[in-house]
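Undergrad: Supplied in structure tokens, the structure appears directly below.
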Amino acid sequence: MRCRSLLATSVLYAAAASAATVCNGDASLCTKKFSDVSVVGAHNSYTASNTNLAANQDYGVKTWMAANPNEVVTILLVNIDNQPATSFATAYTTAGLDKLSYSPPQATMANDGWPTYGQLIDAGTPLVTFMDNTADFANVPYIIDEFSNMWESHFDIQDPAGFNCTIDRFTGKTDGQMYLINHYLYTTSNLFGGSTPVPDKAQLNVTNAASGTGSLGEEATVTCPPLHSRGPTFLLVDFYEYGTGSVFEVAAKLNGIQYVAGSIAPVNGTDGTTGSSSSSSSSTKNGAERMTTVGSAWLAGAAVVLSALVASV
């Protein structure tokens, strides 16, 4: 993995111009602040498996950061076990991710206070990590408290009408903050005599579509901006590959970038084989980045795709 020294925050902000010429696949993103770039997130990537009924993703991302040094990556840790931030810091240090991690100058950042993508890359700190609780700025400044810096829309949605971009989880002020939309649809499965929510894979091409009722495009580009005077920073989806690039088309539109269809990972069949698809590998064109949700497995070799949202360890 390519690691560069962590620069002091004062040096990061003192940079008059970014040396990076292409950031997350597009030159225009280098001068945009972290808070102003819209990225696609891979929900619950730690459940990547073809044999797990509740799995949300088909592909691992262990070597991604090493192969893509000009990408800003975002991780969101969902700390359901309320572990102290220092426990995560131990894992980051072991993996060498602490040296790649951005530490903000304060625990709660104003939207205009975030560095640009180019500054993060130039400083050697392209990894930005948030955690939903027990963040400890004094001892682990690079694990940033989520809800004092962004809000989230409702999750666990089983009716497409629920994709309405309303504020659900937050701490304190929400006006003008970054926000994350949870745009993935669940259905129920009867397991062991109980009802368990699982991804509604049958509806993925509709849910991940660039337009239409219940689509990612409708919520992110039509519903959200009038309500909140800005588009979402994070677009969290299940199985991003369904729609053959439609989720990236939505992000490109939000970023003001012309969408050019590129290759993405193929859809996997339910039997674990590769199904038919018009694409075969990851593309970082269009500034339509991916995020991911990951558990402890990602620490073994790294991380995510473009901008990554992560779930519990």
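Chain labels A, B, ... are given in the sequence in which chains occur in the structure tokens; within each chain residues are numbered consecutively from 1, and ligands are likewise numbered from 1 in the order shown.
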Write out as a list in words which residues come within 7 Å of stretch 83-89 of chain A when counting only C-alpha atoms, dropping same-chain ones fewer than 2 positions away.

TA: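 Using only C-alpha atoms, the neighbours found are Asn79, Asp81, Ala91, Tyr92, Thr93, Thr134, Ala135, Asp136 and Val140 of chain A.
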
Undergrad: Could you tell me, as a list in words, which residues of stretch 52-163 of chain A DSSP assigns to alpha helix (DSSP H) when given the backbone?

TA: Trp64, Met65, Ala66, Ala67, Ala85, Thr86, Ser87, Phe88, Ala89, Thr90, Ala91, Tyr92, Thr93, Thr94, Ala95, Tyr117, Gly118, Gln119, Leu120, Ile121 and Asp122 of chain A

Undergrad: Residues of the last selection are to be written out with all heavy atoms, as a short mmCIF file (atom, residue, chain, number, x, y, z; two decimals), in the first residue's frame.

TA:
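Dumped to result-v6.cif:
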```
data_model
loop_
_atom_site.label_atom_id
_atom_site.label_comp_id
_atom_site.auth_asym_id
_atom_site.auth_seq_id
_atom_site.Cartn_x
_atom_site.Cartn_y
_atom_site.Cartn_z
N TRP A 64 -7.71 -2.23 -2.84
CA TRP A 64 -8.16 -1.10 -3.64
C TRP A 64 -7.36 0.18 -3.42
O TRP A 64 -6.96 0.86 -4.37
CB TRP A 64 -9.64 -0.83 -3.38
CG TRP A 64 -10.23 -0.03 -4.48
CD1 TRP A 64 -10.82 -0.49 -5.61
CD2 TRP A 64 -10.23 1.40 -4.59
NE1 TRP A 64 -11.21 0.55 -6.41
CE2 TRP A 64 -10.86 1.72 -5.81
CE3 TRP A 64 -9.78 2.43 -3.77
CZ2 TRP A 64 -11.04 3.02 -6.22
CZ3 TRP A 64 -9.95 3.73 -4.17
CH2 TRP A 64 -10.59 4.02 -5.40
N MET A 65 -7.11 0.53 -2.18
CA MET A 65 -6.39 1.78 -1.91
C MET A 65 -4.98 1.76 -2.46
O MET A 65 -4.48 2.77 -2.96
CB MET A 65 -6.37 2.10 -0.42
CG MET A 65 -7.68 2.64 0.10
SD MET A 65 -7.57 3.27 1.81
CE MET A 65 -6.73 4.82 1.52
N ALA A 66 -4.32 0.61 -2.34
CA ALA A 66 -2.96 0.51 -2.84
C ALA A 66 -2.89 0.74 -4.34
O ALA A 66 -1.93 1.31 -4.85
CB ALA A 66 -2.37 -0.86 -2.49
N ALA A 67 -3.91 0.32 -5.04
CA ALA A 67 -3.92 0.44 -6.51
C ALA A 67 -4.44 1.79 -6.98
O ALA A 67 -4.34 2.11 -8.16
CB ALA A 67 -4.78 -0.69 -7.10
N ALA A 85 -13.09 4.17 20.85
CA ALA A 85 -12.38 4.52 19.62
C ALA A 85 -10.96 3.99 19.60
O ALA A 85 -10.41 3.67 18.54
CB ALA A 85 -12.38 6.04 19.45
N THR A 86 -10.36 3.86 20.78
CA THR A 86 -8.99 3.35 20.85
C THR A 86 -8.88 1.92 20.35
O THR A 86 -7.83 1.51 19.86
CB THR A 86 -8.46 3.45 22.29
OG1 THR A 86 -9.41 2.86 23.20
CG2 THR A 86 -8.22 4.90 22.69
N SER A 87 -9.97 1.14 20.46
CA SER A 87 -9.94 -0.23 19.92
C SER A 87 -9.81 -0.21 18.41
O SER A 87 -9.07 -1.01 17.82
CB SER A 87 -11.23 -0.97 20.31
OG SER A 87 -11.32 -1.14 21.71
N PHE A 88 -10.51 0.70 17.76
CA PHE A 88 -10.40 0.84 16.32
C PHE A 88 -9.04 1.40 15.94
O PHE A 88 -8.47 1.03 14.91
CB PHE A 88 -11.52 1.75 15.80
CG PHE A 88 -12.89 1.15 15.92
CD1 PHE A 88 -13.63 1.32 17.08
CD2 PHE A 88 -13.43 0.41 14.88
CE1 PHE A 88 -14.89 0.77 17.20
CE2 PHE A 88 -14.70 -0.14 14.99
CZ PHE A 88 -15.43 0.03 16.16
N ALA A 89 -8.52 2.30 16.77
CA ALA A 89 -7.20 2.89 16.48
C ALA A 89 -6.12 1.82 16.46
O ALA A 89 -5.18 1.89 15.65
CB ALA A 89 -6.88 3.95 17.52
N THR A 90 -6.23 0.84 17.33
CA THR A 90 -5.27 -0.26 17.33
C THR A 90 -5.28 -0.99 16.00
O THR A 90 -4.23 -1.31 15.43
CB THR A 90 -5.59 -1.24 18.47
OG1 THR A 90 -5.49 -0.56 19.73
CG2 THR A 90 -4.62 -2.42 18.47
N ALA A 91 -6.49 -1.24 15.49
CA ALA A 91 -6.61 -1.92 14.19
C ALA A 91 -6.06 -1.06 13.07
O ALA A 91 -5.38 -1.56 12.16
CB ALA A 91 -8.06 -2.28 13.94
N TYR A 92 -6.34 0.24 13.11
CA TYR A 92 -5.83 1.15 12.08
C TYR A 92 -4.30 1.17 12.09
O TYR A 92 -3.66 1.13 11.03
CB TYR A 92 -6.35 2.57 12.31
CG TYR A 92 -7.66 2.88 11.61
CD1 TYR A 92 -8.81 2.14 11.87
CD2 TYR A 92 -7.73 3.92 10.70
CE1 TYR A 92 -10.00 2.43 11.24
CE2 TYR A 92 -8.92 4.21 10.05
CZ TYR A 92 -10.05 3.47 10.32
OH TYR A 92 -11.23 3.75 9.68
N THR A 93 -3.72 1.24 13.28
CA THR A 93 -2.26 1.29 13.39
C THR A 93 -1.63 0.00 12.87
O THR A 93 -0.62 0.03 12.15
CB THR A 93 -1.85 1.54 14.85
OG1 THR A 93 -2.41 2.77 15.30
CG2 THR A 93 -0.33 1.59 14.98
N THR A 94 -2.23 -1.12 13.23
CA THR A 94 -1.71 -2.42 12.78
C THR A 94 -1.72 -2.51 11.26
O THR A 94 -0.79 -3.04 10.64
CB THR A 94 -2.54 -3.56 13.38
OG1 THR A 94 -2.46 -3.50 14.81
CG2 THR A 94 -2.05 -4.91 12.90
N ALA A 95 -2.78 -1.98 10.65
CA ALA A 95 -2.90 -2.04 9.19
C ALA A 95 -2.14 -0.92 8.49
O ALA A 95 -2.03 -0.93 7.26
CB ALA A 95 -4.38 -1.97 8.80
N TYR A 117 -10.43 17.72 -2.13
CA TYR A 117 -9.92 16.39 -2.48
C TYR A 117 -8.44 16.45 -2.82
O TYR A 117 -7.65 15.58 -2.44
CB TYR A 117 -10.73 15.83 -3.66
CG TYR A 117 -11.90 14.95 -3.25
CD1 TYR A 117 -12.71 15.29 -2.17
CD2 TYR A 117 -12.19 13.80 -3.95
CE1 TYR A 117 -13.77 14.49 -1.80
CE2 TYR A 117 -13.26 12.99 -3.59
CZ TYR A 117 -14.05 13.35 -2.52
OH TYR A 117 -15.10 12.53 -2.16
N GLY A 118 -8.05 17.47 -3.57
CA GLY A 118 -6.65 17.60 -3.94
C GLY A 118 -5.75 17.77 -2.74
O GLY A 118 -4.65 17.19 -2.68
N GLN A 119 -6.19 18.53 -1.76
CA GLN A 119 -5.38 18.73 -0.56
C GLN A 119 -5.24 17.45 0.25
O GLN A 119 -4.16 17.16 0.79
CB GLN A 119 -6.00 19.85 0.29
CG GLN A 119 -5.83 21.23 -0.30
CD GLN A 119 -6.64 22.29 0.44
OE1 GLN A 119 -7.73 22.03 0.94
NE2 GLN A 119 -6.11 23.50 0.48
N LEU A 120 -6.30 16.68 0.34
CA LEU A 120 -6.22 15.41 1.06
C LEU A 120 -5.23 14.46 0.39
O LEU A 120 -4.42 13.81 1.07
CB LEU A 120 -7.61 14.76 1.12
CG LEU A 120 -8.63 15.42 2.06
CD1 LEU A 120 -10.03 14.87 1.79
CD2 LEU A 120 -8.25 15.20 3.51
N ILE A 121 -5.28 14.39 -0.93
CA ILE A 121 -4.37 13.50 -1.66
C ILE A 121 -2.93 13.99 -1.56
O ILE A 121 -2.00 13.22 -1.29
CB ILE A 121 -4.82 13.38 -3.13
CG1 ILE A 121 -6.15 12.60 -3.21
CG2 ILE A 121 -3.75 12.70 -3.98
CD1 ILE A 121 -6.83 12.67 -4.55
N ASP A 122 -2.73 15.28 -1.74
CA ASP A 122 -1.38 15.83 -1.69
C ASP A 122 -0.74 15.66 -0.32
O ASP A 122 0.48 15.48 -0.20
CB ASP A 122 -1.39 17.32 -2.06
CG ASP A 122 -1.75 17.56 -3.51
OD1 ASP A 122 -1.69 16.60 -4.31
OD2 ASP A 122 -2.10 18.70 -3.86
#
```

Undergrad: Do you know which residues are at most 12 Å from A:Asn205 counting only C-alpha atoms, after dropping those on the same chain fewer than 6 positions away, and could you put them as an MDAnalysis selection string?

TA: chainID A and resid 184:185 211:217 237:247 267

Undergrad: Please write the residues from the selection above to a file, keeping all heavy atoms, as a short mmCIF file (atom, residue, chain, number, x, y, z; two decimals), in the first residue's frame.

TA:
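Result file follows (result16.cif):
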```
data_model
loop_
_atom_site.label_atom_id
_atom_site.label_comp_id
_atom_site.auth_asym_id
_atom_site.auth_seq_id
_atom_site.Cartn_x
_atom_site.Cartn_y
_atom_site.Cartn_z
N TYR A 184 -31.50 1.94 -0.04
CA TYR A 184 -31.50 0.51 -0.29
C TYR A 184 -32.80 -0.06 0.26
O TYR A 184 -33.30 0.36 1.29
CB TYR A 184 -30.28 -0.19 0.34
CG TYR A 184 -29.95 0.26 1.74
CD1 TYR A 184 -30.53 -0.37 2.84
CD2 TYR A 184 -29.07 1.31 1.97
CE1 TYR A 184 -30.23 0.05 4.13
CE2 TYR A 184 -28.78 1.73 3.24
CZ TYR A 184 -29.35 1.10 4.33
OH TYR A 184 -29.07 1.51 5.60
N LEU A 185 -33.37 -0.99 -0.47
CA LEU A 185 -34.70 -1.51 -0.16
C LEU A 185 -34.59 -2.90 0.45
O LEU A 185 -33.83 -3.75 -0.03
CB LEU A 185 -35.53 -1.58 -1.44
CG LEU A 185 -37.03 -1.81 -1.30
CD1 LEU A 185 -37.70 -0.62 -0.61
CD2 LEU A 185 -37.66 -2.04 -2.68
N SER A 211 -33.31 7.16 -12.75
CA SER A 211 -34.56 7.91 -12.79
C SER A 211 -35.72 6.95 -12.57
O SER A 211 -35.56 5.73 -12.67
CB SER A 211 -34.73 8.65 -14.12
OG SER A 211 -34.78 7.72 -15.20
N GLY A 212 -36.88 7.53 -12.26
CA GLY A 212 -38.08 6.71 -12.08
C GLY A 212 -38.49 6.63 -10.63
O GLY A 212 -37.71 6.92 -9.71
N THR A 213 -39.72 6.22 -10.39
CA THR A 213 -40.26 6.12 -9.05
C THR A 213 -39.46 5.14 -8.20
O THR A 213 -39.21 4.01 -8.62
CB THR A 213 -41.74 5.66 -9.10
OG1 THR A 213 -42.49 6.58 -9.88
CG2 THR A 213 -42.32 5.56 -7.71
N GLY A 214 -39.05 5.58 -7.02
CA GLY A 214 -38.29 4.73 -6.12
C GLY A 214 -36.81 4.64 -6.43
O GLY A 214 -36.08 3.91 -5.75
N SER A 215 -36.34 5.36 -7.44
CA SER A 215 -34.94 5.25 -7.87
C SER A 215 -34.01 6.13 -7.04
O SER A 215 -34.43 7.11 -6.42
CB SER A 215 -34.81 5.66 -9.34
OG SER A 215 -35.05 7.06 -9.49
N LEU A 216 -32.74 5.79 -7.08
CA LEU A 216 -31.71 6.62 -6.46
C LEU A 216 -31.70 8.01 -7.09
O LEU A 216 -31.60 9.02 -6.39
CB LEU A 216 -30.34 5.96 -6.63
CG LEU A 216 -29.15 6.77 -6.09
CD1 LEU A 216 -29.21 6.92 -4.58
CD2 LEU A 216 -27.83 6.12 -6.52
N GLY A 217 -31.80 8.04 -8.41
CA GLY A 217 -31.78 9.33 -9.10
C GLY A 217 -32.91 10.23 -8.67
O GLY A 217 -32.71 11.45 -8.49
N VAL A 237 -25.96 2.59 -1.12
CA VAL A 237 -26.76 1.63 -1.88
C VAL A 237 -26.30 0.21 -1.60
O VAL A 237 -25.21 -0.02 -1.10
CB VAL A 237 -26.68 1.91 -3.40
CG1 VAL A 237 -27.13 3.32 -3.73
CG2 VAL A 237 -25.26 1.65 -3.94
N ASP A 238 -27.15 -0.73 -1.94
CA ASP A 238 -26.79 -2.15 -1.94
C ASP A 238 -26.43 -2.57 -3.36
O ASP A 238 -27.04 -2.12 -4.33
CB ASP A 238 -27.97 -3.01 -1.48
CG ASP A 238 -28.11 -3.07 0.03
OD1 ASP A 238 -27.18 -2.66 0.74
OD2 ASP A 238 -29.17 -3.54 0.50
N PHE A 239 -25.46 -3.45 -3.49
CA PHE A 239 -25.09 -4.04 -4.78
C PHE A 239 -25.01 -2.97 -5.89
O PHE A 239 -25.79 -2.96 -6.83
CB PHE A 239 -26.10 -5.12 -5.18
CG PHE A 239 -26.10 -6.32 -4.28
CD1 PHE A 239 -27.09 -6.48 -3.33
CD2 PHE A 239 -25.11 -7.28 -4.39
CE1 PHE A 239 -27.10 -7.59 -2.49
CE2 PHE A 239 -25.11 -8.39 -3.56
CZ PHE A 239 -26.12 -8.54 -2.60
N TYR A 240 -24.02 -2.09 -5.75
CA TYR A 240 -23.88 -0.95 -6.67
C TYR A 240 -23.85 -1.36 -8.13
O TYR A 240 -24.17 -0.57 -9.02
CB TYR A 240 -22.61 -0.15 -6.35
CG TYR A 240 -21.34 -0.89 -6.72
CD1 TYR A 240 -20.81 -0.77 -8.00
CD2 TYR A 240 -20.69 -1.71 -5.81
CE1 TYR A 240 -19.67 -1.47 -8.37
CE2 TYR A 240 -19.56 -2.42 -6.17
CZ TYR A 240 -19.04 -2.29 -7.45
OH TYR A 240 -17.92 -2.99 -7.80
N GLU A 241 -23.45 -2.61 -8.41
CA GLU A 241 -23.28 -3.03 -9.81
C GLU A 241 -24.60 -3.23 -10.54
O GLU A 241 -24.63 -3.24 -11.78
CB GLU A 241 -22.42 -4.31 -9.89
CG GLU A 241 -23.05 -5.55 -9.29
CD GLU A 241 -22.74 -5.73 -7.81
OE1 GLU A 241 -22.46 -4.74 -7.11
OE2 GLU A 241 -22.79 -6.89 -7.34
N TYR A 242 -25.68 -3.38 -9.81
CA TYR A 242 -26.98 -3.49 -10.48
C TYR A 242 -27.36 -2.14 -11.08
O TYR A 242 -27.28 -1.11 -10.43
CB TYR A 242 -28.05 -3.95 -9.49
CG TYR A 242 -28.05 -5.44 -9.24
CD1 TYR A 242 -27.10 -6.01 -8.40
CD2 TYR A 242 -28.98 -6.26 -9.85
CE1 TYR A 242 -27.08 -7.38 -8.17
CE2 TYR A 242 -28.98 -7.64 -9.62
CZ TYR A 242 -28.03 -8.19 -8.78
OH TYR A 242 -28.02 -9.55 -8.56
N GLY A 243 -27.80 -2.19 -12.33
CA GLY A 243 -28.05 -0.96 -13.06
C GLY A 243 -26.92 -0.62 -14.00
O GLY A 243 -26.97 0.38 -14.71
N THR A 244 -25.85 -1.44 -13.98
CA THR A 244 -24.68 -1.29 -14.86
C THR A 244 -24.19 0.15 -14.95
O THR A 244 -23.99 0.69 -16.04
CB THR A 244 -24.97 -1.84 -16.27
OG1 THR A 244 -26.10 -1.14 -16.84
CG2 THR A 244 -25.27 -3.33 -16.23
N GLY A 245 -24.02 0.77 -13.79
CA GLY A 245 -23.45 2.12 -13.75
C GLY A 245 -24.42 3.21 -13.41
O GLY A 245 -24.02 4.37 -13.30
N SER A 246 -25.70 2.90 -13.23
CA SER A 246 -26.70 3.94 -12.98
C SER A 246 -26.42 4.73 -11.71
O SER A 246 -26.66 5.95 -11.66
CB SER A 246 -28.10 3.33 -12.93
OG SER A 246 -28.18 2.30 -11.96
N VAL A 247 -25.89 4.07 -10.68
CA VAL A 247 -25.62 4.80 -9.44
C VAL A 247 -24.52 5.84 -9.65
O VAL A 247 -24.55 6.93 -9.06
CB VAL A 247 -25.25 3.84 -8.29
CG1 VAL A 247 -26.43 2.95 -7.94
CG2 VAL A 247 -24.02 3.00 -8.60
N VAL A 267 -22.31 -8.28 -12.33
CA VAL A 267 -23.25 -8.81 -11.35
C VAL A 267 -22.97 -10.29 -11.16
O VAL A 267 -22.80 -11.03 -12.13
CB VAL A 267 -24.70 -8.61 -11.83
CG1 VAL A 267 -25.68 -9.33 -10.91
CG2 VAL A 267 -25.03 -7.13 -11.91
#
```

Undergrad: DSSP on the backbone: what in stretch 60-296 of chain A comes out strand (DSSP E), as a PyMOL selection string?

TA: chain A and resi 73-77+127-131+143-145+150-153+167-169+178-182+186-191+194-199+234-237+290-292

Undergrad: Rank A:Thr21, A:Ser101, A:Ser195, A:Ser229 by their smallest atom-to-atom distance to A:Ala123, using only C-alpha atoms, and report the top residue only.

TA: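 Of all the options, A:Ser101 lies closest to A:Ala123.
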
Undergrad: I'd like the neighbourhood of A:Pro197 as a count of residues only, where a residue qualifies if any of its atoms comes within 6 Å (using only C-alpha atoms), though same-chain residues fewer than 6 positions away should be ignored.

TA: 3

Undergrad: Would you kindly return, as a ChimeraX atom specification, each protein, DNA or RNA residue with an atom no farther than 12 Å from any atom of A:Trp151, considering only C-alpha atoms and excluding same-chain residues fewer than 2 positions away?

TA: /A:130,132,145-149,153-154,165-182,228,232-234
